[in-house]
>>> print(open('work_3.tsv').read())   # TSV, C-alpha atoms
chain	number	residue	atom	x	y	z
A	831	MET	CA	2.73	-2.51	38.62
A	832	LYS	CA	0.87	-2.08	35.36
A	833	ARG	CA	3.62	0.21	34.16
A	834	TYR	CA	6.33	-2.35	34.71
A	835	GLN	CA	4.26	-5.33	33.64
A	836	ASN	CA	5.65	-5.47	30.11
A	837	VAL	CA	9.24	-5.12	31.28
A	838	LEU	CA	8.73	-7.86	33.85
A	839	LEU	CA	7.19	-10.12	31.20
A	840	ILE	CA	10.21	-9.69	28.92
A	841	VAL	CA	12.66	-10.30	31.77
A	842	ALA	CA	10.81	-13.47	32.76
A	843	VAL	CA	10.93	-14.80	29.20
A	844	ILE	CA	14.66	-14.14	28.94
A	845	LEU	CA	15.28	-15.84	32.29
A	846	LEU	CA	13.21	-18.87	31.28
A	847	GLY	CA	15.35	-19.21	28.17
A	848	ALA	CA	18.69	-18.52	29.83
A	849	LEU	CA	18.40	-20.45	33.09
A	850	PRO	CA	18.55	-23.90	31.47
A	851	LEU	CA	22.00	-22.97	30.17
A	852	TRP	CA	23.18	-22.87	33.79
A	853	ILE	CA	21.03	-25.58	35.30
A	854	VAL	CA	21.54	-28.36	32.78
A	855	GLU	CA	24.89	-30.09	32.97
A	856	LYS	CA	26.49	-31.40	29.84
A	857	PRO	CA	26.11	-35.17	29.76
A	858	ALA	CA	29.32	-37.19	29.91
A	859	ALA	CA	30.92	-38.27	26.66
A	860	GLY	CA	29.59	-41.54	25.24
A	861	PRO	CA	31.59	-44.80	25.34
A	862	ASP	CA	32.96	-44.10	21.89
A	863	GLY	CA	34.56	-40.95	23.21
A	864	GLU	CA	32.36	-38.66	21.16
A	865	PRO	CA	31.23	-35.65	23.14
A	866	ALA	CA	27.55	-35.82	24.01
A	867	GLU	CA	25.29	-33.29	22.38
A	868	ILE	CA	23.43	-30.82	24.49
A	869	PHE	CA	20.49	-28.61	23.56
A	870	ALA	CA	19.82	-30.49	20.36
A	871	GLY	CA	16.30	-30.32	18.99
A	872	ALA	CA	13.63	-32.31	20.80
A	873	ASP	CA	12.70	-33.86	17.45
A	874	ASP	CA	16.19	-35.36	17.17
A	875	LYS	CA	15.67	-37.03	20.52
A	876	ALA	CA	12.30	-38.32	19.37
A	877	LYS	CA	13.97	-39.74	16.28
A	878	ASN	CA	16.42	-41.66	18.46
A	879	LEU	CA	13.59	-42.89	20.66
A	880	ILE	CA	11.70	-44.20	17.63
A	881	GLY	CA	14.89	-46.05	16.69
A	882	GLU	CA	14.97	-47.63	20.16
A	883	ILE	CA	11.32	-48.65	20.21
A	884	ASP	CA	11.21	-49.95	16.65
A	885	PRO	CA	14.73	-50.53	15.32
A	886	ASP	CA	13.33	-51.75	12.00
A	887	TYR	CA	11.43	-48.57	11.21
A	888	GLN	CA	12.68	-46.77	8.14
A	889	PRO	CA	11.44	-43.27	7.35
A	890	TRP	CA	9.64	-43.62	4.05
A	891	PHE	CA	9.92	-40.07	2.83
A	892	ALA	CA	12.73	-37.54	2.91
A	893	PRO	CA	12.41	-33.75	2.91
A	894	LEU	CA	12.31	-32.39	-0.63
A	895	ILE	CA	14.73	-29.59	0.12
A	896	GLU	CA	17.04	-29.63	3.06
A	897	PRO	CA	18.99	-26.53	4.04
A	898	ALA	CA	22.52	-27.23	2.82
A	899	SER	CA	24.04	-26.48	6.23
A	900	GLY	CA	23.20	-25.45	9.78
A	901	GLU	CA	24.17	-21.90	8.88
A	902	ILE	CA	21.67	-21.73	6.05
A	903	ALA	CA	18.99	-23.27	8.23
A	904	SER	CA	19.58	-20.64	10.91
A	905	MET	CA	19.39	-17.92	8.25
A	906	LEU	CA	16.01	-19.22	7.12
A	907	PHE	CA	14.74	-19.38	10.70
A	908	ALA	CA	15.98	-15.83	11.27
A	909	LEU	CA	14.20	-14.76	8.09
A	910	GLN	CA	10.99	-16.36	9.32
A	911	ALA	CA	11.20	-14.53	12.63
A	912	ALA	CA	12.19	-11.25	10.94
A	913	LEU	CA	9.22	-11.34	8.56
A	914	GLY	CA	6.84	-11.96	11.42
A	915	ALA	CA	8.38	-9.38	13.74
A	916	GLY	CA	8.52	-6.80	10.95
A	917	PHE	CA	4.83	-7.19	10.27
A	918	ILE	CA	3.90	-6.96	13.94
A	919	GLY	CA	6.09	-3.88	14.34
A	920	TYR	CA	4.49	-2.21	11.33
A	921	TYR	CA	1.03	-2.92	12.66
A	922	LEU	CA	1.75	-1.61	16.15
A	923	GLY	CA	3.34	1.51	14.71
A	924	ALA	CA	0.37	2.15	12.46
A	925	ALA	CA	-2.10	1.46	15.26
A	926	ARG	CA	-0.24	3.79	17.58
A	927	THR	CA	-0.25	6.63	15.08
A	928	ARG	CA	-3.92	6.08	14.35
A	929	GLU	CA	-4.80	6.20	18.04
A	930	LYS	CA	-2.70	9.36	18.49
A	931	MET	CA	-4.40	11.10	15.57
A	932	ARG	CA	-7.78	10.07	16.90
A	933	GLN	CA	-6.95	11.68	20.25
A	934	GLU	CA	-5.66	14.85	18.57
A	935	ASN	CA	-8.74	15.10	16.39
A	936	LYS	CA	-10.92	14.73	19.43
A	937	ALA	CA	-9.03	17.49	21.25
A	938	LEU	CA	-9.26	19.72	18.19
A	939	GLN	CA	-12.98	19.10	17.91
A	940	GLU	CA	-13.50	20.06	21.54
A	941	LEU	CA	-11.44	23.20	21.04
A	942	LYS	CA	-13.59	24.20	18.08
A	943	GLU	CA	-16.74	23.64	20.10
A	944	VAL	CA	-15.43	25.85	22.85
A	945	ASP	CA	-14.53	28.50	20.25
A	946	SER	CA	-17.95	28.44	18.63
A	947	ARG	CA	-19.62	28.65	22.01
A	948	GLN	CA	-17.52	31.70	22.87
A	949	ASP	CA	-18.40	33.22	19.49
A	950	ARG	CA	-22.05	32.71	20.21
A	951	THR	CA	-21.74	34.35	23.62
A	952	LYS	CA	-19.99	37.30	22.00
A	953	GLU	CA	-22.75	37.64	19.43
A	954	GLN	CA	-25.34	37.56	22.15
A	955	LEU	CA	-23.46	40.23	24.08
A	956	ILE	CA	-23.23	42.41	20.98
A	957	ARG	CA	-26.94	42.00	20.32
A	958	ALA	CA	-27.71	42.78	23.94
A	959	ASP	CA	-25.86	46.02	23.53
B	1392	MET	CA	9.32	-29.31	17.32
B	1393	HIS	CA	7.16	-31.23	14.92
B	1394	ILE	CA	7.08	-34.85	13.85
B	1395	MET	CA	9.75	-35.22	11.22
B	1396	GLU	CA	9.32	-36.08	7.57
B	1397	GLY	CA	8.69	-39.78	7.03
B	1398	PHE	CA	8.55	-40.59	10.73
B	1399	LEU	CA	4.89	-41.56	10.85
B	1400	PRO	CA	3.79	-44.84	9.26
B	1401	VAL	CA	1.79	-44.33	6.06
B	1402	LYS	CA	-1.59	-45.20	7.63
B	1403	HIS	CA	-1.10	-42.74	10.46
B	1404	ALA	CA	0.12	-40.03	8.12
B	1405	ILE	CA	-2.98	-40.39	5.95
B	1406	GLY	CA	-5.31	-40.71	8.94
B	1407	TRP	CA	-4.13	-37.48	10.54
B	1408	GLY	CA	-4.28	-35.75	7.18
B	1409	VAL	CA	-7.90	-36.78	6.72
B	1410	ALA	CA	-8.71	-35.70	10.27
B	1411	SER	CA	-7.21	-32.24	9.70
B	1412	VAL	CA	-8.77	-31.39	6.34
B	1413	PRO	CA	-12.29	-30.51	7.60
B	1414	PHE	CA	-10.85	-28.18	10.27
B	1415	VAL	CA	-8.68	-26.36	7.74
B	1416	ALA	CA	-11.60	-26.10	5.32
B	1417	TYR	CA	-13.96	-24.78	7.98
B	1418	GLY	CA	-11.22	-22.43	9.18
B	1419	ILE	CA	-10.86	-20.91	5.71
B	1420	TYR	CA	-14.64	-20.48	5.55
B	1421	SER	CA	-14.78	-18.83	8.98
B	1422	ILE	CA	-11.93	-16.45	8.11
B	1423	LYS	CA	-13.62	-15.45	4.85
B	1424	LYS	CA	-16.88	-14.80	6.66
B	1425	ARG	CA	-15.15	-12.77	9.36
B	1426	ILE	CA	-13.18	-10.64	6.89
B	1427	ALA	CA	-16.25	-10.05	4.72
B	1428	ALA	CA	-18.08	-8.72	7.78
B	1429	ASN	CA	-15.10	-6.79	9.19
B	1430	PRO	CA	-12.64	-5.92	6.40
B	1431	GLU	CA	-10.63	-3.77	8.81
B	1432	GLN	CA	-9.68	-6.89	10.77
B	1433	ARG	CA	-7.67	-8.26	7.86
B	1434	ILE	CA	-4.43	-6.76	9.04
B	1435	LEU	CA	-5.03	-8.02	12.58
B	1436	LEU	CA	-5.35	-11.49	11.10
B	1437	GLY	CA	-1.93	-10.89	9.58
B	1438	VAL	CA	-0.63	-10.02	13.03
B	1439	ALA	CA	-1.94	-13.32	14.42
B	1440	ALA	CA	-0.20	-15.20	11.62
B	1441	ALA	CA	3.00	-13.17	12.06
B	1442	PHE	CA	3.02	-13.91	15.78
B	1443	SER	CA	2.86	-17.63	15.06
B	1444	PHE	CA	5.63	-17.19	12.48
B	1445	VAL	CA	7.92	-15.49	14.98
B	1446	LEU	CA	7.31	-17.81	17.90
B	1447	SER	CA	7.66	-21.02	15.94
B	1448	ALA	CA	11.02	-19.83	14.61
B	1449	LEU	CA	12.47	-19.39	18.09
B	1450	LYS	CA	14.18	-22.52	19.30
B	1451	ILE	CA	14.70	-22.04	22.98
B	1452	PRO	CA	16.80	-24.22	25.31
B	1453	SER	CA	14.89	-25.97	28.04
B	1454	VAL	CA	15.52	-27.69	31.36
B	1455	THR	CA	15.67	-31.15	29.77
B	1456	GLY	CA	18.81	-30.24	27.87
B	1457	SER	CA	17.12	-30.05	24.51
B	1458	CYS	CA	15.58	-27.26	22.50
B	1459	SER	CA	12.07	-26.73	21.28
B	1460	HIS	CA	9.98	-23.81	20.11
B	1461	PRO	CA	6.62	-22.27	21.06
B	1462	THR	CA	3.72	-22.29	18.62
B	1463	GLY	CA	2.14	-18.85	18.84
B	1464	THR	CA	-1.33	-20.15	18.00
B	1465	GLY	CA	-3.04	-18.96	21.18
B	1466	LEU	CA	-3.24	-15.31	20.16
B	1467	GLY	CA	-5.01	-15.97	16.88
B	1468	ALA	CA	-7.41	-18.44	18.51
B	1469	LEU	CA	-8.49	-15.78	21.00
B	1470	LEU	CA	-8.83	-13.04	18.37
B	1471	PHE	CA	-10.44	-15.00	15.54
B	1472	GLY	CA	-11.79	-18.19	17.08
B	1473	PRO	CA	-10.10	-21.58	17.21
B	1474	ALA	CA	-11.03	-22.72	13.70
B	1475	ALA	CA	-9.34	-19.75	12.07
B	1476	MET	CA	-5.94	-20.89	13.29
B	1477	ALA	CA	-6.10	-24.22	11.44
B	1478	PRO	CA	-5.31	-22.76	7.99
B	1479	ILE	CA	-2.90	-20.19	9.46
B	1480	GLY	CA	-1.00	-22.87	11.36
B	1481	ALA	CA	-1.02	-25.00	8.23
B	1482	VAL	CA	0.73	-22.20	6.31
B	1483	VAL	CA	3.40	-21.87	9.01
B	1484	LEU	CA	3.94	-25.63	9.05
B	1485	LEU	CA	4.06	-25.81	5.26
B	1486	PHE	CA	6.69	-23.07	5.13
B	1487	GLN	CA	8.85	-24.93	7.63
B	1488	ALA	CA	8.31	-28.30	5.98
B	1489	LEU	CA	9.16	-27.07	2.49
B	1490	LEU	CA	12.02	-24.69	3.14
B	1491	LEU	CA	13.50	-25.73	6.45
B	1492	ALA	CA	13.10	-29.52	6.46
B	1493	HIS	CA	11.44	-28.97	9.83
B	1494	GLY	CA	8.39	-31.14	10.24
B	1495	GLY	CA	7.39	-32.59	6.89
B	1496	LEU	CA	4.85	-33.03	4.13
B	1497	THR	CA	3.95	-36.60	5.11
B	1498	THR	CA	3.57	-35.56	8.75
B	1499	LEU	CA	1.83	-32.28	7.89
B	1500	GLY	CA	-1.61	-33.62	8.78
B	1501	ALA	CA	-0.49	-34.83	12.20
B	1502	ASN	CA	1.41	-31.60	12.89
B	1503	ILE	CA	-1.56	-29.47	11.80
B	1504	PHE	CA	-3.74	-31.50	14.13
B	1505	SER	CA	-1.53	-30.94	17.18
B	1506	MET	CA	-0.42	-27.36	16.60
B	1507	ALA	CA	-3.17	-25.76	14.56
B	1508	ILE	CA	-6.25	-27.60	15.83
B	1509	VAL	CA	-5.75	-28.97	19.36
B	1510	GLY	CA	-3.71	-25.95	20.50
B	1511	PRO	CA	-6.16	-23.26	19.35
B	1512	PHE	CA	-9.21	-25.14	20.68
B	1513	VAL	CA	-7.51	-25.55	24.05
B	1514	ALA	CA	-6.65	-21.84	24.05
B	1515	TYR	CA	-10.21	-20.87	23.28
B	1516	GLY	CA	-11.74	-23.24	25.83
B	1517	VAL	CA	-9.35	-22.27	28.61
B	1518	PHE	CA	-9.88	-18.57	27.92
B	1519	ARG	CA	-13.67	-18.88	28.08
B	1520	LEU	CA	-13.45	-20.96	31.25
B	1521	ALA	CA	-11.04	-18.56	32.94
B	1522	ARG	CA	-13.21	-15.56	32.03
B	1523	ALA	CA	-16.30	-17.37	33.31
B	1524	LEU	CA	-14.46	-17.87	36.60
B	1525	ASN	CA	-13.75	-14.13	36.73
B	1526	ALA	CA	-10.03	-14.38	36.11
B	1527	SER	CA	-8.49	-11.12	34.90
B	1528	LEU	CA	-7.84	-10.62	31.19
B	1529	ALA	CA	-4.07	-11.03	31.59
B	1530	VAL	CA	-4.36	-14.24	33.62
B	1531	SER	CA	-6.89	-15.70	31.19
B	1532	VAL	CA	-4.70	-14.92	28.18
B	1533	PHE	CA	-1.65	-16.37	29.93
B	1534	LEU	CA	-3.40	-19.62	30.85
B	1535	ALA	CA	-4.96	-19.97	27.41
B	1536	ALA	CA	-1.72	-19.48	25.48
B	1537	SER	CA	0.53	-21.56	27.71
B	1538	LEU	CA	-1.87	-24.52	28.00
B	1539	ALA	CA	-2.43	-24.44	24.23
B	1540	ASP	CA	1.32	-24.64	23.75
B	1541	LEU	CA	1.73	-27.49	26.24
B	1542	LEU	CA	-1.23	-29.51	24.96
B	1543	THR	CA	0.12	-29.23	21.42
B	1544	TYR	CA	3.16	-31.20	22.46
B	1545	VAL	CA	1.18	-33.64	24.58
B	1546	THR	CA	-0.76	-34.33	21.38
B	1547	THR	CA	2.48	-34.86	19.46
B	1548	SER	CA	3.51	-37.38	22.12
B	1549	VAL	CA	0.18	-39.19	21.80
B	1550	GLN	CA	0.54	-39.30	18.02
B	1551	LEU	CA	4.02	-40.79	18.23
B	1552	ALA	CA	3.11	-43.24	21.00
B	1553	TRP	CA	0.15	-44.42	18.96
B	1554	ALA	CA	2.37	-45.03	15.95
B	1555	PHE	CA	5.21	-46.55	17.96
B	1556	PRO	CA	3.84	-48.38	20.99
B	1557	ASP	CA	6.49	-49.79	23.28
B	1558	PRO	CA	7.06	-53.53	22.59
B	1559	VAL	CA	6.79	-54.22	26.33
B	1560	GLY	CA	4.68	-51.49	27.94
B	1561	GLY	CA	2.48	-50.67	24.94
B	1562	PHE	CA	0.99	-47.26	24.30
B	1563	MET	CA	1.27	-45.87	27.83
B	1564	ALA	CA	4.95	-46.71	28.27
B	1565	SER	CA	5.69	-45.22	24.89
B	1566	PHE	CA	3.60	-42.13	25.62
B	1567	ALA	CA	5.52	-41.57	28.86
B	1568	LYS	CA	8.80	-41.67	26.93
B	1569	PHE	CA	7.69	-39.30	24.16
B	1570	ALA	CA	6.03	-36.97	26.65
B	1571	GLY	CA	9.33	-36.94	28.55
B	1572	ILE	CA	10.98	-35.57	25.43
B	1573	PHE	CA	8.31	-33.23	24.11
B	1574	ALA	CA	5.99	-32.22	26.92
B	1575	ILE	CA	8.53	-31.79	29.73
B	1576	THR	CA	10.83	-29.83	27.45
B	1577	GLN	CA	7.89	-27.67	26.58
B	1578	ILE	CA	6.87	-26.61	30.11
B	1579	PRO	CA	9.17	-23.57	30.45
B	1580	LEU	CA	8.55	-22.70	26.81
B	1581	ALA	CA	4.82	-22.86	27.36
B	1582	ILE	CA	5.21	-20.38	30.21
B	1583	SER	CA	7.27	-18.14	27.92
B	1584	GLU	CA	4.61	-18.34	25.24
B	1585	GLY	CA	1.95	-17.40	27.79
B	1586	LEU	CA	3.97	-14.38	28.89
B	1587	LEU	CA	4.72	-13.27	25.33
B	1588	THR	CA	1.06	-13.56	24.38
B	1589	VAL	CA	0.09	-11.35	27.32
B	1590	LEU	CA	2.76	-8.89	26.13
B	1591	ILE	CA	1.35	-8.62	22.61
B	1592	PHE	CA	-2.17	-8.52	24.01
B	1593	ASN	CA	-1.20	-5.54	26.16
B	1594	ALA	CA	0.12	-3.78	23.08
B	1595	LEU	CA	-2.99	-4.57	21.04
B	1596	ALA	CA	-5.30	-3.51	23.86
B	1597	ARG	CA	-3.47	-0.21	24.25
B	1598	PHE	CA	-3.81	0.89	20.65
B	1599	ASN	CA	-6.97	-0.92	19.59
B	1600	PRO	CA	-9.35	-0.81	22.52
B	1601	ALA	CA	-12.36	-0.56	20.22
B	1602	GLU	CA	-11.41	-3.57	18.11
B	1603	LEU	CA	-10.83	-5.83	21.11
B	1604	ARG	CA	-14.12	-4.70	22.55
B	1605	ASP	CA	-15.88	-5.58	19.30
B	1606	MET	CA	-14.33	-9.02	19.53
B	1607	LYS	CA	-15.90	-9.36	22.97
B	1608	LEU	CA	-12.57	-10.27	24.49
B	1609	SER	CA	-12.53	-7.70	27.20
B	1610	GLU	CA	-14.72	-5.32	29.08
B	1611	ALA	CA	-14.38	-1.67	28.21
B	1612	SER	CA	-13.09	-0.83	31.67
B	1613	GLU	CA	-10.30	-3.39	31.47
B	1614	VAL	CA	-9.04	-2.23	28.12
B	1615	ARG	CA	-8.70	1.30	29.30
B	1616	ALA	CA	-6.95	0.29	32.52
>>> encode(input="work_3.tsv", output="structure tokens")
Amino acid sequence: MKRYQNVLLIVAVILLGALPLWIVEKPAAGPDGEPAEIFAGADDKAKNLIGEIDPDYQPWFAPLIEPASGEIASMLFALQAALGAGFIGYYLGAARTREKMRQENKALQELKEVDSRQDRTKEQLIRAD
Amino acid sequence: MHIMEGFLPVKHAIGWGVASVPFVAYGIYSIKKRIAANPEQRILLGVAAAFSFVLSALKIPSVTGSCSHPTGTGLGALLFGPAAMAPIGAVVLLFQALLLAHGGLTTLGANIFSMAIVGPFVAYGVFRLARALNASLAVSVFLAASLADLLTYVTTSVQLAWAFPDPVGGFMASFAKFAGIFAITQIPLAISEGLLTVLIFNALARFNPAELRDMKLSEASEVRA
């Protein structure tokens, strides 16, 4: 179980992300004939809800820089994820190597101890002769 | 999904900003203290920040037919304490607000409060509680990270409902509507975040048993298992 735990975790995450694509049906087109959007950001929906609750509300500040298009925005999000994932990957790789070297050093140390013990026994045998 | 630029009234924007500042300041202090005492943990702090970077970039479809993203703050809260995540979350939010027009500068205080303060404190509290009740390390980490994620978006809903109470039903009616958008959408994502946090925890525990033990997160026997 422990061995497969990580694989199972990844599979579960993928399923959780993919299942909504099947389960959720695309809402019917609005009265103006425009196709309804599906899987838009939750913040867009919140924006619409604010408009419903308080139609007079005007946002009083606009983003300083807005990605010029959806493509550019997705590039920046990919960059964000890549930077983070790269760092985590580097760390895990370094930690793995460190742990491996620690194990090897330990094994080497034990080997040396065994050697020196054998040497001592030999010396004792020689002296006994 | 954070509150968008300009979508909190000025008073609320300032209020949440003022409420967040002491947490961020104390967080910076606690990180400095921690790193001064354990310089070798610096890179692990980077990992906690990187994890939050990755997770908050992933917009995942959910059962409500809209997309949202996890927060990734649970891991850092468990490794470095809840306060440490306030400045780290603030950096992530600032990056998204400045470059991606996601969230915003005027709503930064409110978004820091929900994602980088409430979330991490929930994670820390749930983890301690679960461990006290003898839950296994994996279960405790899962519960901590997923509830932190979920409560972050419940907080966002509270913030918006407070600023925009329903003309008829008041705060509660408005909260129900916002929670319907943010919190319900977040449920499967919160589960995903819990699972992913267990995944990275497994990796950390495998290669850094000594460090996790020093952080008093796990018993020696569990780390080796």
>>> closest_residue(input="work_3.tsv", among="A:Ala866, A:Ala908, A:Asn878, A:Gly914", to="chain B", atoms="only C-alpha atoms")
A:Gly914
>>> closest_residue(input="work_3.tsv", among="B:His1393, B:Arg1519, B:Lys1423, B:His1403", to="Val1545 (chain B)", atoms="only C-alpha atoms")
B:His1393
>>> closest_atom_pairs(input="work_3.tsv", of="chain B", to="chain A", cutoff="7 Å", atoms="all atoms listed in the file", output="tab-separated table")
residue	atom	partner	partner_atom	distance
B:Met1392	CA	A:Asp873	CA	5.7
B:His1393	CA	A:Asp873	CA	6.6
B:Ile1394	CA	A:Asp873	CA	6.7
B:Glu1396	CA	A:Ala892	CA	6.0
B:Gly1397	CA	A:Phe891	CA	4.4
B:Phe1398	CA	A:Pro889	CA	5.2
B:Val1438	CA	A:Ile918	CA	5.5
B:Ala1441	CA	A:Gly914	CA	4.1
B:Phe1442	CA	A:Gly914	CA	6.1
B:Phe1444	CA	A:Gly914	CA	5.5
B:Val1445	CA	A:Ala911	CA	4.1
B:Ala1448	CA	A:Phe907	CA	5.4
B:Ile1451	CA	A:Gly847	CA	5.9
B:Pro1452	CA	A:Gly847	CA	5.9
B:Ser1453	CA	A:Pro850	CA	5.4
B:Val1454	CA	A:Pro850	CA	4.9
B:Gly1456	CA	A:Phe869	CA	4.9
B:Ser1457	CA	A:Phe869	CA	3.8
B:Cys1458	CA	A:Gly871	CA	4.7
B:Ser1459	CA	A:Ala872	CA	5.8
B:Leu1489	CA	A:Ile895	CA	6.6
B:Leu1490	CA	A:Ile895	CA	6.4
B:Leu1491	CA	A:Pro897	CA	6.0
B:Ala1492	CA	A:Glu896	CA	5.2
B:Gly1495	CA	A:Pro893	CA	6.5
B:Phe1555	CA	A:Ile883	CA	6.8
B:Asp1557	CA	A:Ile883	CA	5.8
B:Pro1558	CA	A:Ile883	CA	6.9
B:Phe1569	CA	A:Ala876	CA	6.7
B:Ile1572	CA	A:Ala872	CA	6.3
B:Phe1573	CA	A:Ala872	CA	6.3
B:Pro1579	CA	A:Leu846	CA	6.3
B:Ser1583	CA	A:Val843	CA	5.1
B:Leu1586	CA	A:Leu839	CA	5.8
B:Leu1590	CA	A:Asn836	CA	6.0
B:Phe1598	CA	A:Arg926	CA	5.5
B:Asn1599	CA	A:Ala925	CA	6.9
>>> write_last_selection(input="work_3.tsv", atoms="C-alpha atoms", output="CSV table (one decimal), in the frame of the given file")
chain,number,residue,atom,x,y,z
B,1392,MET,CA,9.3,-29.3,17.3
B,1393,HIS,CA,7.2,-31.2,14.9
B,1394,ILE,CA,7.1,-34.8,13.8
B,1396,GLU,CA,9.3,-36.1,7.6
B,1397,GLY,CA,8.7,-39.8,7.0
B,1398,PHE,CA,8.6,-40.6,10.7
B,1438,VAL,CA,-0.6,-10.0,13.0
B,1441,ALA,CA,3.0,-13.2,12.1
B,1442,PHE,CA,3.0,-13.9,15.8
B,1444,PHE,CA,5.6,-17.2,12.5
B,1445,VAL,CA,7.9,-15.5,15.0
B,1448,ALA,CA,11.0,-19.8,14.6
B,1451,ILE,CA,14.7,-22.0,23.0
B,1452,PRO,CA,16.8,-24.2,25.3
B,1453,SER,CA,14.9,-26.0,28.0
B,1454,VAL,CA,15.5,-27.7,31.4
B,1456,GLY,CA,18.8,-30.2,27.9
B,1457,SER,CA,17.1,-30.0,24.5
B,1458,CYS,CA,15.6,-27.3,22.5
B,1459,SER,CA,12.1,-26.7,21.3
B,1489,LEU,CA,9.2,-27.1,2.5
B,1490,LEU,CA,12.0,-24.7,3.1
B,1491,LEU,CA,13.5,-25.7,6.4
B,1492,ALA,CA,13.1,-29.5,6.5
B,1495,GLY,CA,7.4,-32.6,6.9
B,1555,PHE,CA,5.2,-46.6,18.0
B,1557,ASP,CA,6.5,-49.8,23.3
B,1558,PRO,CA,7.1,-53.5,22.6
B,1569,PHE,CA,7.7,-39.3,24.2
B,1572,ILE,CA,11.0,-35.6,25.4
B,1573,PHE,CA,8.3,-33.2,24.1
B,1579,PRO,CA,9.2,-23.6,30.4
B,1583,SER,CA,7.3,-18.1,27.9
B,1586,LEU,CA,4.0,-14.4,28.9
B,1590,LEU,CA,2.8,-8.9,26.1
B,1598,PHE,CA,-3.8,0.9,20.6
B,1599,ASN,CA,-7.0,-0.9,19.6
>>> residues_around(input="work_3.tsv", residues="Leu1484 (chain B)", least_positions_apart="2", cutoff="8 Å", atoms="only C-alpha atoms", output="list in words")
Gly1480, Ala1481, Val1482, Phe1486, Gln1487, Ala1488, Gly1494, Leu1499, Asn1502 and Ile1503 of chain B
>>> atom_distance(input="work_3.tsv", atom1="CA of Gln948 (chain A)", atom2="CA of Arg932 (chain A)")
24.5 Å
>>> atom_distance(input="work_3.tsv", atom1="CA of Asn935 (chain A)", atom2="CA of Leu1435 (chain B)")
23.7 Å
>>> atom_distance(input="work_3.tsv", atom1="CA of Ile1405 (chain B)", atom2="CA of Ile1479 (chain B)")
20.5 Å
>>> residues_around(input="work_3.tsv", residues="Ser1537 (chain B)", least_positions_apart="2", cutoff="9 Å", atoms="all atoms listed in the file", output="PyMOL selection string")
chain B and resi 1465+1514+1532-1535+1539-1542+1578+1580-1586+1588
>>> axis_aligned_box(input="work_3.tsv", around="region 873-889 of chain A", padding_each_side="6 Å", output="AutoDock Vina command-line options")
--center_x 13.8 --center_y -42.8 --center_z 14.0 --size_x 17.2 --size_y 29.9 --size_z 25.3
>>> residues_near_point(input="work_3.tsv", point="(-8.8, -12.6, 20.8)", cutoff="9 Å", atoms="all atoms listed in the file", output="ChimeraX atom specification")
/B:1465-1472,1515,1532,1592,1603,1606-1609
>>> decode(input="work_3.tsv", residues="region 1534-1546 of chain B", atoms="N, CA and C atoms", output="PDB file, in the first residue's frame")
ATOM      1  N   LEU B1534      -5.836  16.448   6.107  1.00  0.00           N
ATOM      2  CA  LEU B1534      -6.905  17.258   6.704  1.00  0.00           C
ATOM      3  C   LEU B1534      -6.465  18.711   6.838  1.00  0.00           C
ATOM      4  N   ALA B1535      -5.237  18.911   7.296  1.00  0.00           N
ATOM      5  CA  ALA B1535      -4.735  20.266   7.508  1.00  0.00           C
ATOM      6  C   ALA B1535      -4.741  21.051   6.207  1.00  0.00           C
ATOM      7  N   ALA B1536      -4.165  20.457   5.151  1.00  0.00           N
ATOM      8  CA  ALA B1536      -4.015  21.189   3.893  1.00  0.00           C
ATOM      9  C   ALA B1536      -5.364  21.416   3.220  1.00  0.00           C
ATOM     10  N   SER B1537      -6.243  20.405   3.235  1.00  0.00           N
ATOM     11  CA  SER B1537      -7.495  20.601   2.509  1.00  0.00           C
ATOM     12  C   SER B1537      -8.422  21.558   3.257  1.00  0.00           C
ATOM     13  N   LEU B1538      -8.459  21.494   4.582  1.00  0.00           N
ATOM     14  CA  LEU B1538      -9.330  22.430   5.307  1.00  0.00           C
ATOM     15  C   LEU B1538      -8.789  23.854   5.221  1.00  0.00           C
ATOM     16  N   ALA B1539      -7.466  24.000   5.188  1.00  0.00           N
ATOM     17  CA  ALA B1539      -6.883  25.330   5.019  1.00  0.00           C
ATOM     18  C   ALA B1539      -7.324  25.921   3.688  1.00  0.00           C
ATOM     19  N   ASP B1540      -7.270  25.105   2.662  1.00  0.00           N
ATOM     20  CA  ASP B1540      -7.680  25.538   1.329  1.00  0.00           C
ATOM     21  C   ASP B1540      -9.150  25.955   1.334  1.00  0.00           C
ATOM     22  N   LEU B1541     -10.001  25.096   1.882  1.00  0.00           N
ATOM     23  CA  LEU B1541     -11.441  25.370   1.881  1.00  0.00           C
ATOM     24  C   LEU B1541     -11.779  26.634   2.690  1.00  0.00           C
ATOM     25  N   LEU B1542     -11.178  26.722   3.881  1.00  0.00           N
ATOM     26  CA  LEU B1542     -11.493  27.866   4.752  1.00  0.00           C
ATOM     27  C   LEU B1542     -11.007  29.184   4.156  1.00  0.00           C
ATOM     28  N   THR B1543      -9.949  29.114   3.332  1.00  0.00           N
ATOM     29  CA  THR B1543      -9.496  30.318   2.641  1.00  0.00           C
ATOM     30  C   THR B1543     -10.633  30.896   1.809  1.00  0.00           C
ATOM     31  N   TYR B1544     -11.334  30.012   1.115  1.00  0.00           N
ATOM     32  CA  TYR B1544     -12.385  30.511   0.215  1.00  0.00           C
ATOM     33  C   TYR B1544     -13.682  30.807   0.957  1.00  0.00           C
ATOM     34  N   VAL B1545     -13.893  30.174   2.089  1.00  0.00           N
ATOM     35  CA  VAL B1545     -15.013  30.568   2.942  1.00  0.00           C
ATOM     36  C   VAL B1545     -14.762  31.998   3.432  1.00  0.00           C
ATOM     37  N   THR B1546     -13.506  32.278   3.780  1.00  0.00           N
ATOM     38  CA  THR B1546     -13.150  33.632   4.218  1.00  0.00           C
ATOM     39  C   THR B1546     -13.388  34.646   3.102  1.00  0.00           C
TER      40      THR B1546
END
